[in-house]
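Visitor: Provided below: structure.json, containing JSON, C-alpha atoms.
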[["chain", "number", "residue", "atom", "x", "y", "z"],
["A", 1, "MET", "CA", 1.91, -18.01, 5.23],
["A", 2, "ASN", "CA", 5.32, -16.47, 5.75],
["A", 3, "ILE", "CA", 5.13, -13.38, 7.96],
["A", 4, "LEU", "CA", 8.27, -11.76, 9.33],
["A", 5, "ILE", "CA", 8.11, -9.53, 12.39],
["A", 6, "SER", "CA", 10.78, -6.91, 12.99],
["A", 7, "SER", "CA", 11.31, -5.62, 16.51],
["A", 8, "THR", "CA", 13.47, -2.77, 15.19],
["A", 9, "SER", "CA", 11.17, -1.33, 12.51],
["A", 10, "GLY", "CA", 9.27, 1.02, 14.80],
["A", 11, "GLU", "CA", 6.02, -0.11, 13.16],
["A", 12, "PRO", "CA", 3.51, -1.82, 15.49],
["A", 13, "ILE", "CA", 3.42, -5.60, 15.16],
["A", 14, "TYR", "CA", -0.26, -5.68, 14.20],
["A", 15, "ALA", "CA", 0.49, -3.21, 11.36],
["A", 16, "GLN", "CA", 3.40, -5.36, 10.16],
["A", 17, "ILE", "CA", 1.11, -8.40, 10.01],
["A", 18, "ALA", "CA", -1.72, -6.53, 8.30],
["A", 19, "GLY", "CA", 0.70, -4.95, 5.84],
["A", 20, "GLN", "CA", 2.28, -8.24, 4.84],
["A", 21, "VAL", "CA", -1.06, -10.04, 4.46],
["A", 22, "ARG", "CA", -2.40, -7.04, 2.50],
["A", 23, "GLN", "CA", 0.58, -7.26, 0.14],
["A", 24, "MET", "CA", 0.06, -11.01, -0.37],
["A", 25, "ILE", "CA", -3.60, -10.40, -1.25],
["A", 26, "LEU", "CA", -2.96, -7.43, -3.54],
["A", 27, "GLN", "CA", -0.14, -9.23, -5.34],
["A", 28, "GLY", "CA", -2.35, -12.28, -5.90],
["A", 29, "GLU", "CA", -0.35, -14.64, -3.66],
["A", 30, "LEU", "CA", -3.51, -15.13, -1.58],
["A", 31, "THR", "CA", -6.66, -15.45, -3.68],
["A", 32, "SER", "CA", -10.35, -15.16, -2.93],
["A", 33, "GLY", "CA", -11.55, -17.85, -0.55],
["A", 34, "THR", "CA", -8.09, -18.78, 0.73],
["A", 35, "PRO", "CA", -8.29, -19.57, 4.44],
["A", 36, "LEU", "CA", -5.98, -17.66, 6.75],
["A", 37, "PRO", "CA", -4.42, -19.21, 9.84],
["A", 38, "SER", "CA", -6.60, -18.88, 12.92],
["A", 39, "ILE", "CA", -5.85, -15.92, 15.15],
["A", 40, "ARG", "CA", -4.57, -18.25, 17.87],
["A", 41, "LEU", "CA", -2.41, -20.31, 15.51],
["A", 42, "LEU", "CA", -0.82, -17.23, 13.94],
["A", 43, "ALA", "CA", -0.17, -15.75, 17.38],
["A", 44, "LYS", "CA", 1.49, -19.00, 18.44],
["A", 45, "GLU", "CA", 3.60, -19.23, 15.27],
["A", 46, "LEU", "CA", 4.77, -15.63, 15.60],
["A", 47, "GLN", "CA", 5.10, -15.88, 19.39],
["A", 48, "ILE", "CA", 2.95, -12.81, 19.95],
["A", 49, "SER", "CA", -0.30, -11.92, 21.69],
["A", 50, "VAL", "CA", -3.63, -13.16, 20.36],
["A", 51, "ILE", "CA", -4.87, -9.58, 20.80],
["A", 52, "THR", "CA", -2.21, -8.36, 18.35],
["A", 53, "THR", "CA", -3.19, -10.85, 15.63],
["A", 54, "LYS", "CA", -6.87, -10.12, 16.22],
["A", 55, "ARG", "CA", -6.21, -6.41, 15.69],
["A", 56, "ALA", "CA", -4.39, -7.13, 12.42],
["A", 57, "TYR", "CA", -7.26, -9.29, 11.14],
["A", 58, "GLU", "CA", -9.81, -6.64, 12.19],
["A", 59, "GLU", "CA", -7.92, -4.02, 10.18],
["A", 60, "LEU", "CA", -7.88, -6.25, 7.10],
["A", 61, "GLU", "CA", -11.58, -6.94, 7.53],
["A", 62, "ARG", "CA", -12.35, -3.20, 7.76],
["A", 63, "GLU", "CA", -10.49, -2.75, 4.47],
["A", 64, "GLY", "CA", -12.65, -5.44, 2.88],
["A", 65, "LEU", "CA", -9.71, -7.72, 2.16],
["A", 66, "ILE", "CA", -10.75, -10.59, 4.45],
["A", 67, "ASN", "CA", -13.98, -11.96, 5.90],
["A", 68, "SER", "CA", -14.17, -13.58, 9.32],
["A", 69, "ILE", "CA", -16.90, -16.10, 10.03],
["A", 70, "VAL", "CA", -17.49, -17.08, 13.64],
["A", 71, "GLY", "CA", -16.63, -20.74, 14.13],
["A", 72, "LYS", "CA", -15.22, -21.09, 10.61],
["A", 73, "GLY", "CA", -12.23, -18.73, 10.52],
["A", 74, "SER", "CA", -10.95, -15.94, 8.32],
["A", 75, "PHE", "CA", -10.76, -16.04, 4.55],
["A", 76, "VAL", "CA", -9.52, -13.78, 1.78],
["A", 77, "SER", "CA", -12.60, -11.92, 0.60],
["A", 78, "GLY", "CA", -14.01, -12.02, -2.88],
["A", 79, "ALA", "CA", -13.18, -8.33, -3.34],
["A", 80, "ASP", "CA", -13.68, -7.37, -6.95],
["A", 81, "GLN", "CA", -10.67, -6.89, -9.16],
["A", 82, "GLU", "CA", -11.32, -3.16, -9.55],
["A", 83, "PHE", "CA", -11.07, -2.70, -5.79],
["A", 84, "ILE", "CA", -7.82, -4.67, -5.68],
["A", 85, "ARG", "CA", -6.48, -2.66, -8.62],
["A", 86, "GLU", "CA", -7.26, 0.60, -6.80],
["A", 87, "GLN", "CA", -5.47, -0.64, -3.69],
["A", 88, "ARG", "CA", -2.42, -1.63, -5.73],
["A", 89, "LEU", "CA", -2.41, 1.75, -7.49],
["A", 90, "ARG", "CA", -2.45, 3.47, -4.10],
["A", 91, "ILE", "CA", 0.58, 1.43, -3.01],
["A", 92, "MET", "CA", 2.36, 2.26, -6.27],
["A", 93, "GLU", "CA", 1.63, 5.97, -5.84],
["A", 94, "ASN", "CA", 3.15, 5.90, -2.35],
["A", 95, "LYS", "CA", 6.28, 4.22, -3.68],
["A", 96, "MET", "CA", 6.51, 6.80, -6.45],
["A", 97, "LYS", "CA", 6.26, 9.61, -3.88],
["A", 98, "GLU", "CA", 9.21, 8.07, -2.03],
["A", 99, "ILE", "CA", 11.21, 7.97, -5.27],
["A", 100, "ILE", "CA", 10.36, 11.59, -6.05],
["A", 101, "GLU", "CA", 11.40, 12.69, -2.55],
["A", 102, "GLU", "CA", 14.70, 10.83, -2.87],
["A", 103, "SER", "CA", 15.37, 12.25, -6.33],
["A", 104, "ARG", "CA", 14.80, 15.78, -5.04],
["A", 105, "LEU", "CA", 17.25, 15.15, -2.20],
["A", 106, "LEU", "CA", 19.80, 14.01, -4.78],
["A", 107, "GLY", "CA", 19.13, 17.00, -7.04],
["A", 108, "ILE", "CA", 17.76, 14.87, -9.87],
["A", 109, "ASP", "CA", 15.25, 16.73, -12.04],
["A", 110, "PHE", "CA", 12.11, 15.21, -13.53],
["A", 111, "ALA", "CA", 13.59, 14.67, -17.00],
["A", 112, "GLU", "CA", 16.55, 12.73, -15.60],
["A", 113, "MET", "CA", 14.27, 10.73, -13.32],
["A", 114, "ALA", "CA", 11.96, 9.94, -16.26],
["A", 115, "ASP", "CA", 14.94, 8.80, -18.32],
["A", 116, "MET", "CA", 16.05, 6.53, -15.49],
["A", 117, "MET", "CA", 12.53, 5.12, -15.12],
["A", 118, "LYS", "CA", 12.27, 4.48, -18.87],
["A", 119, "LEU", "CA", 15.63, 2.73, -18.93],
["A", 120, "ILE", "CA", 14.71, 0.47, -16.02],
["A", 121, "TYR", "CA", 11.23, -0.22, -17.42],
["A", 122, "GLU", "CA", 12.63, -1.27, -20.79],
["A", 123, "GLU", "CA", 15.30, -3.40, -19.09],
["A", 124, "GLU", "CA", 12.70, -5.57, -17.41]]
Please rewrite the model in this file as C-alpha cells.
Guide:
Amino acid sequence: MNILISSTSGEPIYAQIAGQVRQMILQGELTSGTPLPSIRLLAKELQISVITTKRAYEELEREGLINSIVGKGSFVSGADQEFIREQRLRIMENKMKEIIEESRLLGIDFAEMADMMKLIYEEE
C-alpha cells in the first residue's frame, strides 16, 4: 500500500492516511476482504506514531470502510456497492464545488463551464 505523507499540507497525518486509504477503497484499488498492514507495521513504514495510524484506522472503521478483528488485523469491509457509490458521489460533489468556486473567481458563467465540461468529457 503506497501512502504518502506530506509535512507541509496542513492536514493532520492521521487524516492523510485515512483519506488515501478511503480513496483506494472507493476507487476499487482495495477490495472487500483485502488485509491492511498492521497498525504497527504501517507506523514503522511511514516512520510515525502507532497512535496516529490507530486513529486513522479507527476513522475508517467508523465510516464502515474497514473492519478490525482483534488478533487478526484490519480488512477492507464488505460494504455494499450502493454505500461505496454514495461515498464516491459525495467526493465528486466536493470536487465539483471546488470547480464552481474557481470558475466564479475567474468570472466563468455556468454555460461556459458546462461547455468546457462537455468538451473534456467527450475528449476522454
Visitor: Would you please work out which residue, of A:Pro35, A:Gln16, A:Ile84, A:Tyr121, is nearest to Lys72 (chain A) when using only C-alpha atoms?
Guide: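 Residue with the minimum atom-to-atom distance to Lys72 (chain A): A:Pro35.
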Visitor: List the spatial neighbours of region 92-102 of chain A as a PyMOL selection string - criterion: any atom at most 12 Å away, only C-alpha atoms, same-chain residues fewer than 5 positions off excluded.
Guide: chain A and resi 23+26-27+85-87+107-114+116-117
Visitor: Could you check how far CA of Ala43 (chain A) sits from CA of Gly64 (chain A), in Å to one decimal?
Guide: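 One can read the CA of Ala43 (chain A) to CA of Gly64 (chain A) distance as 21.7 Å.
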Visitor: Give me, as a list in words, all polymer residues having an atom no more than 9 Å from region 47-56 of chain A, counting only C-alpha atoms and skipping those fewer than 6 positions away in the same chain.
Guide: Ile13, Tyr14, Ala15, Gln16, Ile17, Ala18, Gly19, Ile39, Arg40 and Leu41 of chain A
Visitor: Pick from A:Leu106, A:Ile91, A:Leu119, A:Ile69: nearest to Gly33 (chain A), with only C-alpha atoms counted?
Guide: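 Nearest to Gly33 (chain A): A:Ile69.
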Visitor: Rank A:Asn67, A:Ser74, A:Gln81, A:Ser103 by their smallest atom-to-atom distance to Leu36 (chain A), using all atoms listed in the file, and report the top residue only.
Guide: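 The closest residue to Leu36 (chain A) is A:Ser74.
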Visitor: Rounded to one decimal, what separation in Å do you get between CA of Gly71 (chain A) and CA of Leu42 (chain A)?
Guide: 16.2 Å
Visitor: One decimal, in Å: what's the spacing between CA of Ile3 (chain A) and CA of Glu124 (chain A)?
Guide: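 Computing the Euclidean distance for CA of Ile3 (chain A) and CA of Glu124 (chain A) yields 27.6 Å.
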Visitor: Using all atoms listed in the file, which residues sit within 10 Å of Ser68 (chain A) once same-chain residues fewer than 5 positions away are excluded, as a count of residues only?
Guide: 12
Visitor: Between A:Ile66, A:Arg88, A:Lys118, A:Glu82, which one has atoms that come closest to Ser32 (chain A), using only C-alpha atoms?
Guide: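 Once distances to Ser32 (chain A) are computed over only C-alpha atoms, the minimum belongs to A:Ile66.
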Visitor: Of the candidates A:Val70, A:Met24, A:Leu46, A:Leu30, which shows the shortest atom-to-atom distance to Ser6 (chain A), using only C-alpha atoms?
Guide: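 Closest residue, counting only C-alpha atoms: A:Leu46.
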Visitor: Save region 97-113 of chain A of the structure in the block above to a file, with all heavy atoms included, as a tab-separated table (two decimals), in the first residue's frame.
Guide:
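Below is the file out05.tsv, written as the result:
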chain	number	residue	atom	x	y	z
A	97	LYS	N	-17.84	21.31	-6.39
A	97	LYS	CA	-17.96	22.58	-5.66
A	97	LYS	C	-16.67	23.40	-5.80
A	97	LYS	O	-16.72	24.61	-5.98
A	97	LYS	CB	-18.27	22.33	-4.19
A	97	LYS	CG	-19.70	21.89	-3.95
A	97	LYS	CD	-19.94	21.59	-2.47
A	97	LYS	CE	-21.35	21.07	-2.26
A	97	LYS	NZ	-21.58	20.69	-0.86
A	98	GLU	N	-15.53	22.72	-5.74
A	98	GLU	CA	-14.25	23.41	-5.92
A	98	GLU	C	-14.16	24.02	-7.32
A	98	GLU	O	-13.70	25.15	-7.48
A	98	GLU	CB	-13.09	22.44	-5.70
A	98	GLU	CG	-12.90	22.01	-4.27
A	98	GLU	CD	-11.79	20.97	-4.12
A	98	GLU	OE1	-10.90	20.89	-5.01
A	98	GLU	OE2	-11.80	20.24	-3.12
A	99	ILE	N	-14.60	23.27	-8.32
A	99	ILE	CA	-14.57	23.77	-9.70
A	99	ILE	C	-15.49	24.97	-9.85
A	99	ILE	O	-15.13	25.97	-10.48
A	99	ILE	CB	-14.96	22.64	-10.69
A	99	ILE	CG1	-13.85	21.58	-10.72
A	99	ILE	CG2	-15.23	23.19	-12.08
A	99	ILE	CD1	-14.23	20.30	-11.42
A	100	ILE	N	-16.67	24.90	-9.27
A	100	ILE	CA	-17.62	26.02	-9.34
A	100	ILE	C	-17.05	27.26	-8.68
A	100	ILE	O	-17.13	28.37	-9.23
A	100	ILE	CB	-18.98	25.62	-8.73
A	100	ILE	CG1	-19.66	24.59	-9.62
A	100	ILE	CG2	-19.87	26.84	-8.51
A	100	ILE	CD1	-20.86	23.91	-9.00
A	101	GLU	N	-16.43	27.08	-7.51
A	101	GLU	CA	-15.81	28.22	-6.82
A	101	GLU	C	-14.73	28.86	-7.68
A	101	GLU	O	-14.65	30.08	-7.80
A	101	GLU	CB	-15.23	27.78	-5.47
A	101	GLU	CG	-16.26	27.49	-4.42
A	101	GLU	CD	-15.64	26.94	-3.14
A	101	GLU	OE1	-14.46	27.24	-2.85
A	101	GLU	OE2	-16.34	26.21	-2.43
A	102	GLU	N	-13.89	28.02	-8.28
A	102	GLU	CA	-12.80	28.52	-9.12
A	102	GLU	C	-13.36	29.23	-10.35
A	102	GLU	O	-12.85	30.28	-10.74
A	102	GLU	CB	-11.89	27.36	-9.54
A	102	GLU	CG	-10.63	27.79	-10.24
A	102	GLU	CD	-9.66	28.55	-9.36
A	102	GLU	OE1	-9.68	28.40	-8.13
A	102	GLU	OE2	-8.86	29.34	-9.93
A	103	SER	N	-14.40	28.67	-10.95
A	103	SER	CA	-14.97	29.30	-12.14
A	103	SER	C	-15.57	30.66	-11.80
A	103	SER	O	-15.47	31.61	-12.58
A	103	SER	CB	-16.02	28.40	-12.79
A	103	SER	OG	-17.15	28.26	-11.97
A	104	ARG	N	-16.18	30.78	-10.64
A	104	ARG	CA	-16.73	32.08	-10.22
A	104	ARG	C	-15.61	33.11	-10.02
A	104	ARG	O	-15.76	34.28	-10.39
A	104	ARG	CB	-17.54	31.93	-8.94
A	104	ARG	CG	-18.88	31.25	-9.19
A	104	ARG	CD	-19.70	31.12	-7.93
A	104	ARG	NE	-20.99	30.53	-8.24
A	104	ARG	CZ	-21.67	29.77	-7.40
A	104	ARG	NH1	-21.20	29.52	-6.19
A	104	ARG	NH2	-22.84	29.26	-7.76
A	105	LEU	N	-14.49	32.64	-9.44
A	105	LEU	CA	-13.35	33.55	-9.25
A	105	LEU	C	-12.80	34.03	-10.59
A	105	LEU	O	-12.31	35.16	-10.70
A	105	LEU	CB	-12.25	32.87	-8.45
A	105	LEU	CG	-12.54	32.61	-6.97
A	105	LEU	CD1	-11.44	31.75	-6.35
A	105	LEU	CD2	-12.69	33.91	-6.21
A	106	LEU	N	-12.90	33.19	-11.60
A	106	LEU	CA	-12.39	33.53	-12.93
A	106	LEU	C	-13.44	34.25	-13.78
A	106	LEU	O	-13.16	34.64	-14.92
A	106	LEU	CB	-11.92	32.27	-13.65
A	106	LEU	CG	-10.68	31.59	-13.06
A	106	LEU	CD1	-10.45	30.24	-13.71
A	106	LEU	CD2	-9.46	32.48	-13.21
A	107	GLY	N	-14.66	34.39	-13.26
A	107	GLY	CA	-15.71	35.07	-14.00
A	107	GLY	C	-16.31	34.22	-15.10
A	107	GLY	O	-16.86	34.75	-16.07
A	108	ILE	N	-16.22	32.91	-14.96
A	108	ILE	CA	-16.78	32.00	-15.96
A	108	ILE	C	-18.22	31.68	-15.55
A	108	ILE	O	-18.46	31.23	-14.44
A	108	ILE	CB	-15.94	30.71	-16.05
A	108	ILE	CG1	-14.52	31.04	-16.52
A	108	ILE	CG2	-16.60	29.68	-16.96
A	108	ILE	CD1	-13.56	29.87	-16.45
A	109	ASP	N	-19.16	31.90	-16.48
A	109	ASP	CA	-20.56	31.61	-16.15
A	109	ASP	C	-20.86	30.12	-16.35
A	109	ASP	O	-20.04	29.37	-16.88
A	109	ASP	CB	-21.52	32.50	-16.94
A	109	ASP	CG	-21.50	32.23	-18.44
A	109	ASP	OD1	-20.97	31.20	-18.87
A	109	ASP	OD2	-22.03	33.08	-19.18
A	110	PHE	N	-22.06	29.72	-15.92
A	110	PHE	CA	-22.43	28.31	-15.96
A	110	PHE	C	-22.39	27.74	-17.37
A	110	PHE	O	-21.91	26.63	-17.58
A	110	PHE	CB	-23.82	28.08	-15.34
A	110	PHE	CG	-24.24	26.65	-15.36
A	110	PHE	CD1	-23.73	25.75	-14.43
A	110	PHE	CD2	-25.12	26.18	-16.33
A	110	PHE	CE1	-24.10	24.42	-14.46
A	110	PHE	CE2	-25.50	24.84	-16.36
A	110	PHE	CZ	-24.99	23.96	-15.43
A	111	ALA	N	-22.91	28.48	-18.34
A	111	ALA	CA	-22.95	27.98	-19.72
A	111	ALA	C	-21.54	27.68	-20.24
A	111	ALA	O	-21.31	26.64	-20.85
A	111	ALA	CB	-23.65	28.99	-20.62
A	112	GLU	N	-20.62	28.60	-19.96
A	112	GLU	CA	-19.24	28.39	-20.42
A	112	GLU	C	-18.60	27.20	-19.69
A	112	GLU	O	-17.90	26.39	-20.28
A	112	GLU	CB	-18.42	29.66	-20.18
A	112	GLU	CG	-17.04	29.62	-20.78
A	112	GLU	CD	-16.26	30.92	-20.60
A	112	GLU	OE1	-16.83	31.92	-20.11
A	112	GLU	OE2	-15.07	30.92	-20.95
A	113	MET	N	-18.88	27.12	-18.40
A	113	MET	CA	-18.35	25.99	-17.61
A	113	MET	C	-18.92	24.67	-18.12
A	113	MET	O	-18.19	23.68	-18.27
A	113	MET	CB	-18.67	26.18	-16.13
A	113	MET	CG	-18.02	25.13	-15.25
A	113	MET	SD	-18.30	25.42	-13.50
A	113	MET	CE	-20.06	25.30	-13.39
